[in-house]
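Raw contents of entry_34.cif, mmCIF, C-alpha atoms:
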data_coords
loop_
_atom_site.label_atom_id
_atom_site.label_comp_id
_atom_site.auth_asym_id
_atom_site.auth_seq_id
_atom_site.Cartn_x
_atom_site.Cartn_y
_atom_site.Cartn_z
CA MET J 9 -15.12 -194.49 -47.20
CA THR J 10 -16.09 -194.63 -50.92
CA SER J 11 -17.40 -191.36 -52.39
CA GLU J 12 -20.78 -191.25 -54.19
CA ALA J 13 -20.71 -192.04 -57.95
CA ARG J 14 -20.97 -189.13 -60.33
CA PHE J 15 -22.84 -189.50 -63.69
CA ILE J 16 -24.94 -187.53 -66.18
CA GLN J 17 -28.67 -188.07 -65.81
CA ALA J 18 -31.27 -187.81 -68.55
CA ASP J 19 -33.12 -184.50 -68.58
CA ARG J 20 -36.12 -184.88 -70.87
CA SER J 21 -37.72 -181.60 -69.80
CA GLN J 22 -34.88 -179.51 -71.26
CA THR J 23 -35.71 -177.83 -74.57
CA ARG J 24 -33.05 -178.44 -77.22
CA TRP J 25 -32.36 -177.44 -80.80
CA ASP J 26 -30.99 -180.41 -82.74
CA PHE J 27 -29.08 -179.95 -85.99
CA MET J 28 -29.56 -182.81 -88.45
CA ASP J 29 -27.91 -183.56 -91.80
CA LEU J 30 -30.27 -185.93 -93.66
CA GLU J 31 -27.67 -186.67 -96.34
CA GLY J 32 -25.20 -187.75 -93.70
CA LEU J 33 -27.64 -190.21 -92.10
CA LEU J 34 -27.35 -192.88 -94.81
CA PRO J 35 -24.27 -194.48 -96.39
CA PRO J 36 -23.88 -194.08 -100.17
CA GLU J 37 -24.90 -197.69 -100.90
CA HIS J 38 -28.04 -197.70 -98.73
CA ARG J 39 -31.14 -199.27 -100.26
CA ALA J 40 -33.17 -196.08 -99.77
CA ARG J 41 -30.81 -194.29 -102.16
CA ILE J 42 -31.29 -197.09 -104.72
CA VAL J 43 -35.06 -196.64 -104.51
CA TRP J 44 -34.80 -192.86 -104.87
CA SER J 45 -32.46 -193.17 -107.85
CA PHE J 46 -34.98 -195.53 -109.50
CA VAL J 47 -37.87 -193.11 -108.92
CA GLU J 48 -35.88 -190.15 -110.26
CA ASP J 49 -35.49 -191.94 -113.61
CA LEU J 50 -39.24 -192.57 -113.99
CA ASP J 51 -41.61 -190.40 -116.02
CA LEU J 52 -44.06 -189.14 -113.42
CA SER J 53 -45.47 -186.29 -115.49
CA PRO J 54 -49.11 -187.54 -115.23
CA LEU J 55 -48.87 -187.34 -111.43
CA TYR J 56 -47.58 -183.76 -111.57
CA GLU J 57 -50.20 -182.75 -114.14
CA ALA J 58 -52.94 -183.98 -111.79
CA ILE J 59 -51.87 -181.54 -109.06
CA LYS J 60 -54.46 -178.77 -108.75
CA SER J 61 -52.27 -176.36 -106.80
CA ARG J 62 -50.51 -174.02 -109.27
CA GLU J 63 -48.03 -171.17 -109.00
CA GLY J 64 -49.75 -167.83 -108.44
CA GLU J 65 -53.04 -169.47 -107.49
CA PRO J 66 -54.55 -170.24 -104.07
CA GLY J 67 -54.37 -173.73 -102.65
CA ARG J 68 -52.05 -175.67 -100.38
CA PRO J 69 -49.38 -177.61 -102.30
CA PRO J 70 -49.49 -181.40 -101.83
CA PRO J 71 -46.48 -183.64 -101.13
CA ASP J 72 -44.17 -184.42 -104.05
CA PRO J 73 -45.57 -187.52 -105.88
CA ALA J 74 -42.00 -188.81 -106.32
CA VAL J 75 -41.57 -188.84 -102.53
CA LEU J 76 -44.87 -190.69 -102.04
CA LEU J 77 -44.01 -193.29 -104.68
CA ALA J 78 -40.50 -193.79 -103.28
CA LEU J 79 -41.90 -194.23 -99.77
CA TRP J 80 -44.35 -196.90 -100.93
CA LEU J 81 -41.70 -198.72 -102.96
CA TYR J 82 -39.31 -198.75 -100.02
CA ALA J 83 -42.10 -199.81 -97.66
CA THR J 84 -43.05 -202.63 -100.05
CA ILE J 85 -39.47 -203.87 -100.10
CA ASP J 86 -39.55 -203.77 -96.29
CA GLY J 87 -42.84 -205.68 -96.17
CA VAL J 88 -44.82 -202.72 -94.81
CA GLY J 89 -48.39 -202.65 -96.14
CA SER J 90 -50.18 -200.37 -93.68
CA ALA J 91 -50.43 -196.66 -94.43
CA ARG J 92 -50.54 -195.87 -90.71
CA HIS J 93 -47.39 -197.88 -90.10
CA LEU J 94 -45.65 -196.13 -92.99
CA ASP J 95 -46.70 -192.76 -91.59
CA ARG J 96 -45.11 -193.64 -88.24
CA LEU J 97 -41.91 -194.82 -89.94
CA THR J 98 -41.50 -191.47 -91.74
CA ARG J 99 -41.04 -189.92 -88.29
CA SER J 100 -39.07 -192.64 -86.49
CA ASP J 101 -36.93 -194.50 -89.05
CA VAL J 102 -33.84 -192.89 -90.55
CA ALA J 103 -34.26 -194.32 -94.06
CA TYR J 104 -37.91 -193.28 -94.34
CA ARG J 105 -37.08 -189.83 -92.97
CA TRP J 106 -34.36 -189.49 -95.60
CA ILE J 107 -36.78 -190.34 -98.41
CA ALA J 108 -39.46 -188.02 -97.02
CA GLY J 109 -36.91 -185.20 -96.81
CA GLY J 110 -39.05 -183.06 -94.53
CA VAL J 111 -42.19 -183.30 -96.70
CA PRO J 112 -45.28 -183.17 -94.42
CA LEU J 113 -47.19 -186.46 -94.60
CA ASN J 114 -50.16 -188.22 -93.05
CA TYR J 115 -51.51 -191.74 -93.31
CA HIS J 116 -54.67 -190.66 -95.16
CA GLY J 117 -52.71 -189.05 -98.00
CA LEU J 118 -50.35 -192.02 -98.19
CA SER J 119 -53.29 -194.43 -98.34
CA ASP J 120 -55.05 -192.45 -101.08
CA PHE J 121 -51.91 -192.15 -103.20
CA ARG J 122 -51.30 -195.91 -103.18
CA VAL J 123 -54.65 -196.78 -104.79
CA GLU J 124 -55.46 -193.75 -106.97
CA HIS J 125 -52.89 -194.23 -109.75
CA VAL J 126 -53.34 -197.77 -111.09
CA GLN J 127 -52.87 -196.74 -114.72
CA VAL J 128 -49.68 -194.83 -113.92
CA LEU J 129 -48.24 -197.78 -111.98
CA ASP J 130 -49.16 -200.12 -114.82
CA ARG J 131 -47.36 -197.90 -117.32
CA LEU J 132 -44.31 -197.58 -115.07
CA LEU J 133 -44.07 -201.39 -114.88
CA THR J 134 -44.05 -201.60 -118.67
CA GLU J 135 -41.51 -198.80 -119.08
CA SER J 136 -39.15 -200.16 -116.41
CA VAL J 137 -39.17 -203.64 -117.97
CA THR J 138 -38.71 -202.15 -121.45
CA ALA J 139 -35.60 -200.39 -120.16
CA LEU J 140 -34.22 -203.72 -118.88
CA ILE J 141 -34.97 -205.34 -122.24
CA GLY J 142 -33.19 -202.48 -124.01
CA GLU J 143 -30.12 -203.03 -121.82
CA GLY J 144 -30.12 -206.73 -122.72
CA LEU J 145 -30.73 -207.78 -119.12
CA VAL J 146 -34.14 -209.36 -119.74
CA SER J 147 -35.69 -211.17 -122.69
CA LEU J 148 -39.23 -212.18 -123.62
CA ALA J 149 -37.96 -215.42 -125.12
CA GLU J 150 -39.08 -217.52 -122.14
CA ILE J 151 -41.88 -216.39 -119.83
CA ALA J 152 -43.51 -218.28 -116.96
CA VAL J 153 -47.05 -217.50 -115.84
CA ASP J 154 -48.65 -218.47 -112.56
CA GLY J 155 -51.48 -217.45 -110.25
CA THR J 156 -51.34 -217.07 -106.48
CA LYS J 157 -54.16 -216.53 -104.00
CA VAL J 158 -53.97 -213.41 -101.81
CA ARG J 159 -56.03 -212.95 -98.64
CA ALA J 160 -58.64 -210.21 -98.95
CA SER J 161 -59.48 -207.74 -96.21
CA ALA J 162 -62.75 -209.50 -95.36
CA SER J 163 -63.91 -212.23 -93.01
CA ARG J 164 -65.93 -215.30 -93.90
CA GLY J 165 -68.66 -213.95 -91.65
CA SER J 166 -69.01 -210.88 -93.88
CA PHE J 167 -70.50 -213.00 -96.70
CA LYS J 168 -74.26 -212.45 -96.87
CA THR J 169 -77.17 -213.83 -98.86
CA MET J 170 -79.52 -211.61 -100.86
CA GLU J 171 -82.10 -211.76 -98.06
CA LYS J 172 -79.55 -210.65 -95.45
CA LEU J 173 -78.29 -207.81 -97.67
CA GLU J 174 -81.82 -206.49 -98.09
CA GLN J 175 -82.25 -206.59 -94.30
CA VAL J 176 -79.01 -204.66 -93.83
CA GLU J 177 -80.08 -201.99 -96.33
CA ALA J 178 -83.48 -201.61 -94.67
CA ALA J 179 -81.89 -201.28 -91.20
CA VAL J 180 -79.39 -198.71 -92.44
CA GLU J 181 -82.10 -196.70 -94.20
CA LYS J 182 -84.09 -196.60 -90.97
CA ARG J 183 -80.99 -195.52 -89.04
CA LEU J 184 -80.24 -192.75 -91.56
CA THR J 185 -83.74 -191.36 -91.21
CA VAL J 186 -83.37 -191.20 -87.42
CA LEU J 187 -79.91 -189.57 -87.62
CA LYS J 188 -81.04 -186.91 -90.10
CA ALA J 189 -83.94 -185.98 -87.84
CA GLU J 190 -81.63 -185.74 -84.81
CA ILE J 191 -79.13 -183.54 -86.69
CA GLU J 192 -81.85 -181.10 -87.76
CA ARG J 193 -83.20 -180.56 -84.26
CA ASP J 194 -79.93 -180.79 -82.28
CA PRO J 195 -78.67 -177.27 -81.46
CA GLU J 196 -75.18 -178.29 -80.32
CA ALA J 197 -72.50 -178.17 -83.02
CA CYS J 198 -70.33 -180.86 -81.39
CA SER J 199 -73.24 -183.25 -81.23
CA ARG J 200 -74.16 -182.42 -84.82
CA ARG J 201 -70.65 -183.31 -85.99
CA LYS J 202 -70.86 -186.61 -84.15
CA LYS J 203 -74.23 -187.37 -85.70
CA ALA J 204 -72.91 -186.38 -89.13
CA ALA J 205 -70.04 -188.85 -88.76
CA GLN J 206 -72.50 -191.57 -87.76
CA GLU J 207 -74.64 -190.72 -90.77
CA ARG J 208 -71.63 -190.88 -93.06
CA GLY J 209 -70.69 -194.31 -91.69
CA ALA J 210 -74.22 -195.62 -92.14
CA ARG J 211 -74.33 -194.26 -95.69
CA GLN J 212 -71.09 -196.07 -96.55
CA VAL J 213 -72.54 -199.34 -95.23
CA LYS J 214 -75.61 -198.79 -97.38
CA GLU J 215 -73.46 -198.16 -100.47
CA ARG J 216 -71.43 -201.33 -99.83
CA ALA J 217 -74.63 -203.32 -99.40
CA ALA J 218 -75.94 -201.99 -102.72
CA ARG J 219 -72.69 -202.94 -104.47
CA ALA J 220 -72.79 -206.37 -102.86
CA ARG J 221 -76.37 -206.87 -104.06
CA THR J 222 -75.34 -205.99 -107.63
CA VAL J 223 -72.45 -208.46 -107.51
CA LEU J 224 -74.71 -211.11 -106.02
CA LYS J 225 -77.16 -210.78 -108.91
CA GLN J 226 -74.26 -211.29 -111.32
CA LEU J 227 -73.06 -214.39 -109.46
CA ARG J 228 -76.57 -215.82 -109.44
CA ALA J 229 -76.77 -215.38 -113.22
CA GLU J 230 -73.40 -217.14 -113.61
CA LYS J 231 -74.58 -219.99 -111.38
CA LYS J 232 -77.72 -220.34 -113.48
CA GLN J 233 -75.61 -220.60 -116.64
CA ARG J 234 -73.36 -223.25 -115.08
CA ALA J 235 -76.40 -225.20 -113.92
CA LYS J 236 -77.42 -225.72 -117.55
CA ARG J 237 -74.23 -227.77 -118.10
CA HIS J 238 -73.57 -229.14 -114.61
CA ALA J 239 -76.94 -229.29 -112.89
CA ALA J 240 -76.02 -231.96 -110.32
CA ALA J 241 -72.78 -230.25 -109.26
CA GLU J 242 -74.41 -226.83 -108.89
CA ALA J 243 -77.31 -228.29 -106.90
CA LYS J 244 -74.87 -229.55 -104.25
CA LYS J 245 -73.38 -226.09 -103.71
CA SER J 246 -74.70 -223.76 -101.04
CA GLU J 247 -76.56 -220.52 -101.72
CA VAL J 248 -74.49 -217.78 -103.37
CA LYS J 249 -73.12 -215.18 -100.93
CA VAL J 250 -71.14 -211.95 -101.25
CA SER J 251 -68.95 -210.15 -98.73
CA LEU J 252 -70.43 -206.97 -97.29
CA SER J 253 -66.89 -205.73 -96.45
CA ASP J 254 -65.39 -206.38 -99.91
CA PRO J 255 -68.04 -207.35 -102.49
CA GLU J 256 -65.48 -208.23 -105.17
CA ALA J 257 -63.59 -210.76 -103.00
CA ARG J 258 -64.40 -214.47 -103.38
CA ASN J 259 -64.04 -217.47 -101.12
CA MET J 260 -61.10 -219.41 -102.54
CA ARG J 261 -59.35 -222.61 -101.55
CA PHE J 262 -55.70 -222.12 -100.59
CA SER J 263 -52.82 -224.58 -100.82
CA ASP J 264 -53.31 -225.60 -97.18
CA GLY J 265 -56.87 -226.66 -97.93
CA ALA J 266 -58.52 -223.77 -96.08
CA VAL J 267 -61.16 -221.61 -97.76
CA ARG J 268 -60.70 -217.86 -97.26
CA PRO J 269 -61.85 -214.59 -98.88
CA ALA J 270 -59.22 -213.80 -101.49
CA TYR J 271 -58.19 -212.51 -104.91
CA ASN J 272 -56.26 -214.40 -107.58
CA ALA J 273 -53.07 -212.56 -108.60
CA GLN J 274 -51.71 -213.42 -112.05
CA ILE J 275 -47.99 -212.91 -112.64
CA ALA J 276 -45.90 -213.33 -115.79
CA ALA J 277 -42.14 -213.32 -115.22
CA ALA J 278 -38.77 -214.03 -116.79
CA PRO J 279 -38.12 -216.95 -114.39
CA ARG J 280 -34.33 -217.11 -114.54
CA LYS J 281 -33.96 -213.34 -114.03
CA GLY J 282 -36.70 -212.92 -111.44
CA ILE J 283 -38.23 -209.96 -113.31
CA ILE J 284 -42.02 -209.55 -113.38
CA ILE J 285 -43.07 -208.80 -116.96
CA SER J 286 -46.79 -208.36 -116.40
CA ALA J 287 -49.20 -208.52 -113.48
CA ASP J 288 -52.96 -208.56 -113.13
CA ILE J 289 -55.50 -209.61 -110.54
CA THR J 290 -58.87 -211.30 -110.84
CA GLU J 291 -61.70 -212.58 -108.68
CA ARG J 292 -61.71 -215.94 -110.53
CA ARG J 293 -61.13 -218.96 -108.29
CA ASN J 294 -59.04 -220.95 -110.78
CA ASP J 295 -56.46 -220.25 -113.49
CA SER J 296 -57.96 -222.34 -116.29
CA GLY J 297 -58.03 -220.47 -119.59
CA LEU J 298 -56.05 -217.45 -118.34
CA ALA J 299 -52.95 -218.15 -120.45
CA ALA J 300 -54.27 -216.47 -123.60
CA PRO J 301 -55.38 -213.24 -121.84
CA MET J 302 -51.95 -212.95 -120.18
CA VAL J 303 -50.20 -213.31 -123.55
CA ASP J 304 -52.49 -210.60 -124.96
CA ASN J 305 -51.52 -208.43 -121.99
CA ILE J 306 -47.82 -208.95 -122.77
CA VAL J 307 -48.41 -208.08 -126.43
CA THR J 308 -50.21 -204.88 -125.41
CA ARG J 309 -47.27 -203.90 -123.22
CA TYR J 310 -44.31 -204.85 -125.43
CA GLY J 311 -45.69 -205.39 -128.93
CA LYS J 312 -44.59 -209.04 -129.19
CA THR J 313 -45.38 -212.45 -127.80
CA PRO J 314 -43.05 -214.63 -125.72
CA GLU J 315 -41.44 -217.42 -127.72
CA LYS J 316 -41.97 -219.98 -124.95
CA LEU J 317 -44.76 -219.89 -122.37
CA LEU J 318 -44.28 -222.00 -119.24
CA VAL J 319 -47.54 -222.73 -117.42
CA ASP J 320 -49.05 -225.33 -115.13
CA SER J 321 -51.13 -228.18 -116.55
CA HIS J 322 -54.51 -226.61 -115.74
CA TYR J 323 -53.57 -223.12 -116.95
CA ALA J 324 -53.81 -223.53 -120.74
CA THR J 325 -56.56 -225.56 -122.40
CA CYS J 326 -56.04 -227.37 -125.70
CA GLU J 327 -57.95 -224.53 -127.39
CA ASP J 328 -55.53 -222.02 -125.81
CA ILE J 329 -52.49 -224.01 -126.99
CA ALA J 330 -53.78 -224.12 -130.57
CA ALA J 331 -54.71 -220.42 -130.56
CA LEU J 332 -51.39 -219.28 -129.05
CA ALA J 333 -49.42 -221.24 -131.65
CA GLU J 334 -51.14 -219.10 -134.31
CA HIS J 335 -51.23 -215.80 -132.40
CA ALA J 336 -51.38 -212.74 -134.64
CA ALA J 337 -48.36 -211.14 -132.91
CA GLY J 338 -46.20 -214.25 -133.15
CA SER J 339 -46.28 -217.98 -132.53
CA VAL J 340 -46.08 -219.08 -128.89
CA GLN J 341 -44.80 -222.52 -127.86
CA VAL J 342 -46.60 -223.69 -124.73
CA PHE J 343 -44.74 -225.86 -122.23
CA ALA J 344 -47.23 -227.45 -119.88
CA PRO J 345 -47.61 -231.08 -118.79
CA PRO J 346 -50.75 -232.78 -120.16
CA PRO J 347 -53.41 -233.43 -117.49
CA ILE J 348 -53.06 -236.77 -115.71
CA GLU J 349 -55.32 -239.37 -117.32
CA ARG J 350 -56.72 -242.58 -115.91
CA ASP J 351 -54.79 -245.78 -116.51
CA ASP J 352 -57.63 -248.14 -115.60
CA ILE J 353 -59.63 -247.19 -118.65
CA SER J 354 -61.69 -249.69 -120.65
CA ALA J 355 -60.84 -250.67 -124.21
CA ARG J 356 -63.80 -248.68 -125.47
CA GLY J 357 -62.76 -245.62 -123.47
CA LEU J 358 -59.21 -245.90 -124.77
CA ALA J 359 -60.49 -246.10 -128.33
CA ASN J 360 -62.58 -242.95 -127.78
CA ARG J 361 -59.58 -241.14 -126.32
CA ASN J 362 -57.36 -242.10 -129.28
CA ARG J 363 -60.07 -241.02 -131.71
CA LYS J 364 -60.31 -237.61 -130.05
CA ARG J 365 -56.53 -237.26 -130.09
CA ALA J 366 -56.46 -237.98 -133.81
CA LEU J 367 -58.90 -235.09 -134.40
CA GLU J 368 -56.87 -232.57 -132.40
CA PRO J 369 -55.18 -229.67 -134.26
CA GLU J 370 -51.58 -230.23 -135.34
CA ASN J 371 -50.38 -227.59 -132.86
CA VAL J 372 -51.86 -229.57 -129.97
CA LYS J 373 -50.29 -232.79 -131.25
CA GLU J 374 -46.92 -231.02 -131.44
CA TRP J 375 -47.38 -229.86 -127.83
CA ARG J 376 -48.02 -233.42 -126.65
CA SER J 377 -44.95 -234.66 -128.53
CA ARG J 378 -42.86 -231.77 -127.19
CA MET J 379 -43.74 -232.54 -123.59
CA GLU J 380 -42.69 -236.19 -124.01
CA THR J 381 -39.08 -235.19 -124.77
CA GLU J 382 -36.35 -234.49 -122.22
CA ALA J 383 -35.77 -231.06 -123.75
CA GLY J 384 -39.42 -230.15 -123.28
CA GLN J 385 -39.38 -231.36 -119.67
CA GLU J 386 -36.20 -229.37 -118.99
CA VAL J 387 -37.77 -226.15 -120.29
CA TYR J 388 -40.93 -226.73 -118.27
CA GLY J 389 -38.82 -227.45 -115.18
CA ARG J 390 -37.84 -223.77 -115.08
CA ARG J 391 -41.47 -222.84 -114.39
CA LYS J 392 -40.87 -223.69 -110.71
CA LEU J 393 -38.74 -220.56 -110.44
CA ILE J 394 -41.87 -218.41 -110.54
CA GLU J 395 -43.06 -220.18 -107.38
CA ARG J 396 -40.00 -218.76 -105.67
CA LEU J 397 -41.00 -215.31 -106.94
CA ASN J 398 -44.53 -215.75 -105.55
CA ALA J 399 -43.07 -216.74 -102.19
CA HIS J 400 -40.77 -213.70 -102.28
CA LEU J 401 -43.75 -211.37 -102.82
CA LYS J 402 -45.70 -212.93 -99.97
CA ASN J 403 -42.70 -212.73 -97.66
CA HIS J 404 -42.69 -209.00 -98.37
CA GLY J 405 -46.29 -208.43 -97.37
CA PHE J 406 -48.32 -209.56 -100.38
CA GLY J 407 -49.93 -212.43 -98.48
CA PHE J 408 -52.63 -210.11 -97.12
CA LEU J 409 -54.30 -207.08 -98.68
CA TYR J 410 -54.91 -204.03 -96.51
CA VAL J 411 -57.14 -202.52 -99.21
CA ARG J 412 -60.56 -203.52 -100.52
CA GLY J 413 -61.73 -203.78 -104.10
CA LEU J 414 -60.26 -205.23 -107.28
CA MET J 415 -58.67 -202.02 -108.59
CA LYS J 416 -57.07 -201.18 -105.25
CA ALA J 417 -55.76 -204.74 -105.01
CA LYS J 418 -54.25 -204.33 -108.48
CA ALA J 419 -52.49 -201.13 -107.35
CA VAL J 420 -50.87 -203.05 -104.48
CA LEU J 421 -49.83 -205.87 -106.84
CA LEU J 422 -48.25 -203.37 -109.26
CA LEU J 423 -46.32 -201.74 -106.41
CA HIS J 424 -44.96 -205.15 -105.44
CA ALA J 425 -44.03 -205.85 -109.07
CA LEU J 426 -42.20 -202.51 -109.37
CA ALA J 427 -40.40 -203.02 -106.05
CA ASN J 428 -39.34 -206.53 -107.05
CA ASN J 429 -38.06 -205.38 -110.44
CA LEU J 430 -36.28 -202.42 -108.87
CA MET J 431 -34.11 -204.64 -106.68
CA ALA J 432 -33.76 -207.47 -109.23
CA GLY J 433 -32.70 -204.97 -111.92
CA TYR J 434 -30.18 -203.42 -109.52
CA ARG J 435 -28.65 -206.85 -108.88
CA LEU J 436 -28.47 -207.63 -112.60
CA ARG J 437 -26.75 -204.31 -113.35
CA THR J 438 -24.34 -204.76 -110.45
CA ARG J 439 -23.21 -208.13 -111.78
CA LEU J 440 -22.34 -206.57 -115.13
CA SER J 441 -20.38 -203.66 -113.65
#

Please express what this file holds, its structure, as structure tokens.
Amino acid sequence: MTSEARFIQADRSQTRWDFMDLEGLLPPEHRARIVWSFVEDLDLSPLYEAIKSREGEPGRPPPDPAVLLALWLYATIDGVGSARHLDRLTRSDVAYRWIAGGVPLNYHGLSDFRVEHVQVLDRLLTESVTALIGEGLVSLAEIAVDGTKVRASASRGSFKTMEKLEQVEAAVEKRLTVLKAEIERDPEACSRRKKAAQERGARQVKERAARARTVLKQLRAEKKQRAKRHAAAEAKKSEVKVSLSDPEARNMRFSDGAVRPAYNAQIAAAPRKGIIISADITERRNDSGLAAPMVDNIVTRYGKTPEKLLVDSHYATCEDIAALAEHAAGSVQVFAPPPIERDDISARGLANRNRKRALEPENVKEWRSRMETEAGQEVYGRRKLIERLNAHLKNHGFGFLYVRGLMKAKAVLLLHALANNLMAGYRLRTRLS
């Protein structure tokens, strides 16, 4: 007869003391260590100066800003965009636990940190790229610029007309009056706290409605200005609406033809190196005329213009091309294909076109001649590399924004730019070693 099998069963009710060596959890070449090494080299003094808790004074000390930044950079590389998800990972994932190093965290603090330091993140992007330029790994000689649409945290149903917004504000005001009266006469503390939370939620809705109404007035004024030049086209469009969830988001058409609430992220990069030089975000639906502002942004960051600017055909107007060629900080050669023109044009139309071409500035004529050569086409062909960079960002979570508002969206974009440059710079340095 066979004896009964003997084995060790799980005993989850037994209290245990576990000894853990955080340093021993990760191998020396782990990506979390690369992120932490990058953060240690950054100048984070503004973040430390903003801490109100001081030695010898009352107040609970907050988490180390370097830890918070490293966690968000590592999460961005991993494609994690939710503060709640990141909070859970700091307790369950070895790499995130190693970065946290025992620092007490919560999702609310993580969420606030991500969006409260846009200026610091912007400066860190400039300084990190400047370091790569100083090492000879990146150059401003050839820069590609492109825009990509990013889904906003709003639904199409959240877009309201002015009449609907006024109705929402009136309903919320009525609700606030009722809640305040209930709080004053309710003797139970628990109930009062519940009513206070309801009041706070209603007040936030009212504030968003007021912001949406302000934005709507601005959009109406812009529509009125456009109607002076394009009356027929504007008359065909529907009534202007604004999202109650995210008033700064706009309905934009994506590459698949669908229209969704979104922002327009603008990225300038060294295409062959995969390094993001500058990044900004706008609520504009198209990229036309944004080449010159991006060059000005680059000049502000690095004190010089790119020698060659690679953009799509609709990105730089003829006025932009002429102005960039005579930029105060240095001449910029634009490489962009001329817009496609009709072939079935009448003799009179062709004569008018040739006459307009003859009156164009010499810089614009040079651009047209440059784009007809094989060398010009070869340079422009490298612009497609920035499309790969856009795809890389979206594959790492930048396809959808978990935050609302233009400045918060910019903070997320800058985190993605820093995370991209962190890993791209590491690869470039590794190849040299």

Picked residues, the PyMOL selection byres ((chain J and resi 411) around 10), as a ChimeraX atom specification: /J:89-90,119,122-123,160-162,254,408-410,412-420

Atom-to-atom span, atom CA of J:Arg376 and atom CA of J:Ile289, Å: 29.7 Å

Among listed residues J:Val102, J:Ile284, J:Cys326, J:Leu184, nearest J:Val146 (using all atoms listed in the file):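 Among J:Val102, J:Ile284, J:Cys326, J:Leu184, it is J:Ile284 that comes nearest to J:Val146.
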
Given all atoms listed in the file as the counted atoms, nearest of J:Ser286, J:Ala337, J:Ile141, J:Ile306 to J:Leu129: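 Closest residue, counting all atoms listed in the file: J:Ser286.
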
Atomic distance atom CA of J:Arg390 - atom CA of J:Ala152, expressed in Å with one decimal: 8.1 Å

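Taking all atoms listed in the file into account, J:Tyr82 lies nearest to J:Asn428 out of the set J:Ser441, J:Thr156, J:Asn428, J:Thr313.
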
Target residues per the PyMOL selection byres ((chain J and resi 53) around 12), formatted as a PyMOL selection string: chain J and resi 48-52+54-59+72-74+128+131-132

Would you save the residues from that selection as a compact mmCIF listing (two decimals), keeping the file's coordinate frame, using C-alpha atoms?
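Output file part12.txt follows:
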# COMPACT_ATOMS: atom_id res chain seq x y z
CA GLU J 48 -35.88 -190.15 -110.26
CA ASP J 49 -35.49 -191.94 -113.61
CA LEU J 50 -39.24 -192.57 -113.99
CA ASP J 51 -41.61 -190.40 -116.02
CA LEU J 52 -44.06 -189.14 -113.42
CA PRO J 54 -49.11 -187.54 -115.23
CA LEU J 55 -48.87 -187.34 -111.43
CA TYR J 56 -47.58 -183.76 -111.57
CA GLU J 57 -50.20 -182.75 -114.14
CA ALA J 58 -52.94 -183.98 -111.79
CA ILE J 59 -51.87 -181.54 -109.06
CA ASP J 72 -44.17 -184.42 -104.05
CA PRO J 73 -45.57 -187.52 -105.88
CA ALA J 74 -42.00 -188.81 -106.32
CA VAL J 128 -49.68 -194.83 -113.92
CA ARG J 131 -47.36 -197.90 -117.32
CA LEU J 132 -44.31 -197.58 -115.07

Gap from atom CA of J:Leu173 to atom CA of J:Arg221 - Å, one decimal: 6.7 Å

The PyMOL selection byres ((chain J and resi 277) around 9) applied to the shown file, residues as a list in words: Leu148, Glu150, Ile151, Ala152, Val153, Asp154, Ile275, Ala276, Ala278, Pro279, Arg280, Lys281, Gly282, Ile283, Ile284, Ile285, Ser286, Ala287, Ile394 and Leu397 of chain J

Shortest interatomic distance to J:His93 - which of J:Leu118, J:Val319, J:Val342, J:Val75, counting all atoms listed in the file: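 Closest residue, counting all atoms listed in the file: J:Leu118.
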
Distance criterion (only C-alpha atoms): nearest to J:Arg92 out of J:His116, J:Arg228, J:Arg378, J:Arg219: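 So, comparing all the options, the nearest one is J:His116.
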
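With all atoms listed in the file as the atoms that count, the residue of J:Val307, J:Ala300, J:Ala399, J:Ile353 with the shortest distance to J:Asp328 is J:Ala300.
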
Distance query 9 Å from (-71.8, -202.7, -98.1) using all atoms listed in the file, result as number ranges by chain: J: 173, 176-177, 212-221, 251-255

For J:Lys312, find every residue with an atom within 12 Å (counting only C-alpha atoms), except residues of its own chain fewer than 5 positions away, and show them as an mmCIF file with C-alpha atoms, in the frame of the given file.
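The resulting file, out_38.cif, is reproduced below:
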data_model
loop_
_atom_site.group_PDB
_atom_site.id
_atom_site.type_symbol
_atom_site.label_atom_id
_atom_site.label_comp_id
_atom_site.auth_asym_id
_atom_site.auth_seq_id
_atom_site.Cartn_x
_atom_site.Cartn_y
_atom_site.Cartn_z
ATOM 1 C CA THR J 138 -38.710 -202.150 -121.450
ATOM 2 C CA SER J 147 -35.690 -211.170 -122.690
ATOM 3 C CA LEU J 148 -39.230 -212.180 -123.620
ATOM 4 C CA ALA J 149 -37.960 -215.420 -125.120
ATOM 5 C CA VAL J 303 -50.200 -213.310 -123.550
ATOM 6 C CA ASP J 304 -52.490 -210.600 -124.960
ATOM 7 C CA ASN J 305 -51.520 -208.430 -121.990
ATOM 8 C CA ILE J 306 -47.820 -208.950 -122.770
ATOM 9 C CA VAL J 307 -48.410 -208.080 -126.430
ATOM 10 C CA HIS J 335 -51.230 -215.800 -132.400
ATOM 11 C CA ALA J 336 -51.380 -212.740 -134.640
ATOM 12 C CA ALA J 337 -48.360 -211.140 -132.910
ATOM 13 C CA GLY J 338 -46.200 -214.250 -133.150
ATOM 14 C CA SER J 339 -46.280 -217.980 -132.530
ATOM 15 C CA VAL J 340 -46.080 -219.080 -128.890
#

Residues near stretch 35-46 of chain J, anyone? I mean within 8 Å using only C-alpha atoms, not counting same-chain ones fewer than 6 positions away, as a compact mmCIF listing (two decimals) with C-alpha atoms, in the frame of the given file.
# COMPACT_ATOMS: atom_id res chain seq x y z
CA ALA J 78 -40.50 -193.79 -103.28
CA LEU J 81 -41.70 -198.72 -102.96
CA TYR J 82 -39.31 -198.75 -100.02
CA ALA J 103 -34.26 -194.32 -94.06
CA TYR J 104 -37.91 -193.28 -94.34
CA TRP J 106 -34.36 -189.49 -95.60
CA ILE J 107 -36.78 -190.34 -98.41
CA LEU J 430 -36.28 -202.42 -108.87
